[in-house]
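Containing PDB, C-alpha atoms, pLDDT in the B column: my_file-v3.pdb.
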MODEL        1
ATOM      1  CA  MET A  27      11.463   7.030  -0.381  1.00 53.00           C
ATOM      2  CA  SER A  28      10.197   7.817   3.099  1.00 74.00           C
ATOM      3  CA  ASP A  29       9.129  11.279   1.929  1.00 78.00           C
ATOM      4  CA  ASP A  30       6.979   9.637  -0.770  1.00 85.00           C
ATOM      5  CA  VAL A  31       5.424   7.356   1.843  1.00 87.00           C
ATOM      6  CA  ARG A  32       4.760  10.338   4.121  1.00 87.00           C
ATOM      7  CA  GLU A  33       3.066  12.219   1.288  1.00 89.00           C
ATOM      8  CA  GLN A  34       0.933   9.216   0.365  1.00 90.00           C
ATOM      9  CA  LEU A  35      -0.043   8.606   3.994  1.00 90.00           C
ATOM     10  CA  ALA A  36      -0.834  12.283   4.534  1.00 89.00           C
ATOM     11  CA  GLU A  37      -3.073  12.353   1.461  1.00 90.00           C
ATOM     12  CA  TYR A  38      -4.854   9.173   2.510  1.00 91.00           C
ATOM     13  CA  VAL A  39      -5.426  10.521   6.034  1.00 91.00           C
ATOM     14  CA  ARG A  40      -6.662  13.823   4.579  1.00 90.00           C
ATOM     15  CA  LEU A  41      -9.170  12.055   2.343  1.00 91.00           C
ATOM     16  CA  HIS A  42     -10.184   9.445   4.957  1.00 90.00           C
ATOM     17  CA  PRO A  43     -10.172  11.192   8.355  1.00 87.00           C
ATOM     18  CA  THR A  44     -11.834   8.248  10.127  1.00 90.00           C
ATOM     19  CA  THR A  45      -9.322   5.680   8.866  1.00 90.00           C
ATOM     20  CA  SER A  46      -7.333   3.357  11.091  1.00 91.00           C
ATOM     21  CA  ALA A  47      -3.549   3.380  11.052  1.00 91.00           C
ATOM     22  CA  ILE A  48      -3.263  -0.115   9.597  1.00 91.00           C
ATOM     23  CA  GLU A  49      -5.784   0.700   6.862  1.00 92.00           C
ATOM     24  CA  ALA A  50      -3.830   3.786   5.807  1.00 91.00           C
ATOM     25  CA  VAL A  51      -0.501   1.960   5.851  1.00 91.00           C
ATOM     26  CA  ALA A  52      -1.899  -0.987   3.903  1.00 91.00           C
ATOM     27  CA  HIS A  53      -3.542   1.285   1.334  1.00 89.00           C
ATOM     28  CA  VAL A  54      -0.256   2.975   0.419  1.00 89.00           C
ATOM     29  CA  GLY A  55       1.739  -0.267   0.625  1.00 89.00           C
ATOM     30  CA  ALA A  56       4.127   0.894   3.343  1.00 88.00           C
ATOM     31  CA  ASP A  57       5.906  -1.420   5.786  1.00 88.00           C
ATOM     32  CA  PRO A  58       3.517  -1.871   8.743  1.00 88.00           C
ATOM     33  CA  ALA A  59       6.360  -2.618  11.153  1.00 88.00           C
ATOM     34  CA  ARG A  60       7.754   0.851  10.454  1.00 88.00           C
ATOM     35  CA  TRP A  61       4.745   3.047   9.734  1.00 90.00           C
ATOM     36  CA  VAL A  62       1.744   1.937  11.840  1.00 90.00           C
ATOM     37  CA  ASP A  63       3.039   3.616  15.017  1.00 90.00           C
ATOM     38  CA  VAL A  64       3.794   6.821  13.102  1.00 88.00           C
ATOM     39  CA  VAL A  65       0.258   6.953  11.680  1.00 90.00           C
ATOM     40  CA  GLU A  66      -1.336   6.057  15.036  1.00 91.00           C
ATOM     41  CA  GLU A  67       0.479   8.973  16.684  1.00 90.00           C
ATOM     42  CA  ALA A  68      -0.524  11.253  13.819  1.00 89.00           C
ATOM     43  CA  LEU A  69      -4.187  10.229  14.037  1.00 91.00           C
ATOM     44  CA  ALA A  70      -4.164  11.103  17.756  1.00 90.00           C
ATOM     45  CA  ALA A  71      -2.810  14.586  16.998  1.00 89.00           C
ATOM     46  CA  ALA A  72      -4.950  17.680  16.482  1.00 89.00           C
ATOM     47  CA  ASP A  73      -3.816  17.910  12.827  1.00 91.00           C
ATOM     48  CA  PRO A  74      -3.150  14.347  11.615  1.00 88.00           C
ATOM     49  CA  VAL A  75      -2.030  15.406   8.133  1.00 89.00           C
ATOM     50  CA  ALA A  76       0.624  17.747   9.501  1.00 89.00           C
ATOM     51  CA  ALA A  77       1.698  15.119  12.043  1.00 87.00           C
ATOM     52  CA  VAL A  78       2.236  12.506   9.317  1.00 85.00           C
ATOM     53  CA  CYS A  79       4.288  15.011   7.318  1.00 85.00           C
ATOM     54  CA  ASP A  80       6.426  15.978  10.346  1.00 84.00           C
ATOM     55  CA  PRO A  81       9.924  14.519   9.718  1.00 79.00           C
ATOM     56  CA  SER A  82      10.592  14.380  13.461  1.00 79.00           C
ATOM     57  CA  ASN A  83       7.902  11.690  13.611  1.00 77.00           C
ATOM     58  CA  ALA A  84      10.301   9.128  12.107  1.00 75.00           C
ATOM     59  CA  PRO A  85       9.515   5.453  11.729  1.00 75.00           C
ATOM     60  CA  GLU A  86      11.635   3.009  13.699  1.00 67.00           C
ATOM     61  CA  PRO A  87      13.338   0.126  11.912  1.00 63.00           C
ATOM     62  CA  ALA A  88      11.716  -3.248  12.555  1.00 56.00           C
ATOM     63  CA  ASP A  89      13.096  -5.152  15.565  1.00 56.00           C
ATOM     64  CA  GLY A  90      16.193  -7.134  14.699  1.00 51.00           C
ATOM     65  CA  ALA A  91      16.262  -5.770  11.172  1.00 51.00           C
ATOM     66  CA  GLU A  92      19.221  -4.018   9.697  1.00 50.00           C
ATOM     67  CA  GLU A  93      18.584  -0.536   8.359  1.00 49.00           C
ATOM     68  CA  ASP A  94      17.629  -0.893   4.701  1.00 51.00           C
ATOM     69  CA  PRO A  95      18.641   1.989   2.434  1.00 53.00           C
ATOM     70  CA  ASP A  96      15.282   1.745   0.682  1.00 55.00           C
ATOM     71  CA  PRO A  97      12.933   0.146   3.228  1.00 55.00           C
ATOM     72  CA  ASP A  98       9.673   1.002   1.489  1.00 53.00           C
ATOM     73  CA  ARG A  99      10.356  -0.707  -1.833  1.00 56.00           C
ATOM     74  CA  PRO A 100       8.249  -3.772  -2.589  1.00 53.00           C
ATOM     75  CA  ASN A 101       9.836  -7.206  -2.343  1.00 54.00           C
ATOM     76  CA  PRO A 102       8.455  -9.032  -5.382  1.00 50.00           C
ATOM     77  CA  GLY A 103      10.837 -11.977  -5.054  1.00 48.00           C
ATOM     78  CA  GLY A 104       9.639 -13.044  -1.632  1.00 49.00           C
ATOM     79  CA  ASP A 105      12.011 -14.146   1.081  1.00 50.00           C
ATOM     80  CA  ALA A 106      15.558 -14.926   0.062  1.00 52.00           C
ATOM     81  CA  ASP A 107      17.655 -17.838   1.212  1.00 50.00           C
ATOM     82  CA  ALA A 108      21.285 -17.576   2.413  1.00 52.00           C
ATOM     83  CA  SER A 109      22.546 -17.233  -1.169  1.00 52.00           C
ATOM     84  CA  GLY A 110      20.284 -14.236  -1.702  1.00 56.00           C
ATOM     85  CA  SER A 111      18.035 -15.909  -4.261  1.00 55.00           C
ATOM     86  CA  ALA A 112      14.302 -16.122  -3.732  1.00 58.00           C
ATOM     87  CA  THR A 113      13.002 -19.513  -2.665  1.00 58.00           C
ATOM     88  CA  PRO A 114       9.586 -20.451  -4.043  1.00 60.00           C
ATOM     89  CA  GLU A 115       7.132 -22.453  -1.985  1.00 63.00           C
ATOM     90  CA  PRO A 116       7.577 -26.167  -2.669  1.00 61.00           C
ATOM     91  CA  ARG A 117       4.630 -27.780  -4.431  1.00 63.00           C
ATOM     92  CA  ASP A 118       3.224 -31.023  -3.160  1.00 61.00           C
ATOM     93  CA  ASP A 119       1.133 -32.224  -6.077  1.00 58.00           C
ATOM     94  CA  ALA A 120       0.463 -35.569  -4.426  1.00 58.00           C
ATOM     95  CA  ALA A 121      -1.280 -33.806  -1.536  1.00 62.00           C
ATOM     96  CA  THR A 122      -3.616 -31.992  -3.926  1.00 66.00           C
ATOM     97  CA  GLY A 123      -4.534 -35.159  -5.788  1.00 70.00           C
ATOM     98  CA  TRP A 124      -2.640 -34.402  -9.006  1.00 70.00           C
ATOM     99  CA  GLY A 125       0.619 -36.200  -8.195  1.00 71.00           C
ATOM    100  CA  ASP A 126       0.102 -39.241 -10.450  1.00 74.00           C
ATOM    101  CA  VAL A 127      -1.895 -37.678 -13.301  1.00 73.00           C
ATOM    102  CA  ASP A 128      -0.496 -38.297 -16.766  1.00 75.00           C
ATOM    103  CA  PHE A 129      -1.237 -35.483 -19.204  1.00 72.00           C
ATOM    104  CA  SER A 130       0.874 -36.940 -22.000  1.00 78.00           C
ATOM    105  CA  THR A 131      -2.133 -38.662 -23.561  1.00 78.00           C
ATOM    106  CA  THR A 132      -5.234 -36.588 -24.046  1.00 76.00           C
ATOM    107  CA  ARG A 133      -8.437 -37.198 -25.976  1.00 77.00           C
ATOM    108  CA  PRO A 134      -9.458 -34.081 -27.880  1.00 76.00           C
ATOM    109  CA  ASP A 135     -13.144 -33.213 -28.204  1.00 76.00           C
ATOM    110  CA  THR A 136     -14.061 -35.366 -25.218  1.00 78.00           C
ATOM    111  CA  TYR A 137     -16.292 -33.728 -22.645  1.00 75.00           C
ATOM    112  CA  PRO A 138     -17.868 -34.914 -19.400  1.00 75.00           C
ATOM    113  CA  PRO A 139     -21.343 -36.355 -20.091  1.00 77.00           C
ATOM    114  CA  ALA A 140     -22.994 -34.099 -17.504  1.00 77.00           C
ATOM    115  CA  LEU A 141     -21.858 -31.060 -19.467  1.00 73.00           C
ATOM    116  CA  LEU A 142     -22.918 -32.281 -22.908  1.00 74.00           C
ATOM    117  CA  ASP A 143     -26.585 -31.473 -22.209  1.00 74.00           C
ATOM    118  CA  ARG A 144     -25.862 -27.883 -21.188  1.00 72.00           C
ATOM    119  CA  GLU A 145     -26.203 -25.242 -23.815  1.00 71.00           C
ATOM    120  CA  ARG A 146     -23.350 -23.179 -22.398  1.00 66.00           C
ATOM    121  CA  TRP A 147     -20.907 -24.633 -19.960  1.00 58.00           C
ATOM    122  CA  MET A 148     -17.725 -23.014 -21.210  1.00 61.00           C
ATOM    123  CA  GLY A 149     -17.161 -19.289 -21.356  1.00 62.00           C
ATOM    124  CA  ARG A 150     -16.303 -17.916 -24.759  1.00 64.00           C
ATOM    125  CA  LYS A 151     -15.773 -14.398 -25.900  1.00 67.00           C
ATOM    126  CA  GLY A 152     -17.279 -13.484 -29.188  1.00 56.00           C
TER
ENDMDL
END

Can I see the file as structure tokens?
Amino acid sequence: MSDDVREQLAEYVRLHPTTSAIEAVAHVGADPARWVDVVEEALAAADPVAAVCDPSNAPEPADGAEEDPDPDRPNPGGDADASGSATPEPRDDAATGWGDVDFSTTRPDTYPPALLDRERWMGRKG
């Protein structure tokens, strides 16, 4: 996977020679903790594209992190707890003002009076 990241970074640097390291890394979706220093060194070189592609210019693993066999893959599940399952952010509906709302009884075709006078207040395709 690191070869794919190198190729993507090299192409981005080639097309955007005035880019910053963090911009290039963010654009390709690489791990900033591993790749920003590599791109910064490459941008300071005479030939940044060749420097990014140079395998001797290897990214360091993040401090305190174990070496991941596939470090550049996205983490769609977010952070995992001790069991390894992703833990979603807890919702505090009371803090947002919706904690005690009861949606079990609704009144269809009832609209706020301020919106009744408007010709178009709801988007509709068609």

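Distances here use all atoms listed in the file; by that measure, the residue among A:Ala70, A:Ser28, A:Ala77, A:Gly123 closest to A:Gly55 is A:Ser28.
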
Original post:
atom CA of A:Glu67 and atom CA of A:Ala52 are how many Å apart?
Top reply: 16.4 Å

**OP:** Name the residues captured by the PyMOL selection byres ((chain A and resi 47) around 10) when it is applied to the shown file; answer as a PyMOL selection string.
**Re:** chain A and resi 35+39+44-46+48-53+58+61-69

**OP:** Find the distance between atom CA of A:Ala59 and atom CA of A:Ser82 and write it in Å to one decimal.
**Re:**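 Atom-to-atom, atom CA of A:Ala59 to atom CA of A:Ser82, that is 17.7 Å.
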
Original post:
Of the candidates A:Ala72, A:Leu142, A:Arg60, A:Tyr38, which shows the shortest atom-to-atom distance to A:Pro85, using only C-alpha atoms?
Top reply: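 Nearest candidate to A:Pro85 out of A:Ala72, A:Leu142, A:Arg60, A:Tyr38: A:Arg60.
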
**OP:** Quick one: pull the distance between atom CA of A:Ala140 and atom CA of A:Asp126, Å, one decimal.
**Re:**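 Answer for the atom CA of A:Ala140 to atom CA of A:Asp126 separation: 24.7 Å.
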
**OP:** Give the answer as one residue: which of A:Glu145, A:Asp29, A:Tyr137, A:Pro43 has the shortest atom-to-atom distance to A:Asn83, using only C-alpha atoms?
**Re:**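 Of the candidates, the smallest distance to A:Asn83 is held by A:Asp29.
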
Subject >> Exercise: A:Cys79 partners within 7 Å, all atoms listed in the file, chain neighbours under 3 positions left out, as a list in words >> reply: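 With the cut-off at 7 Å, the set is Arg32, Glu33, Ala36, Val75 and Ala76 of chain A.
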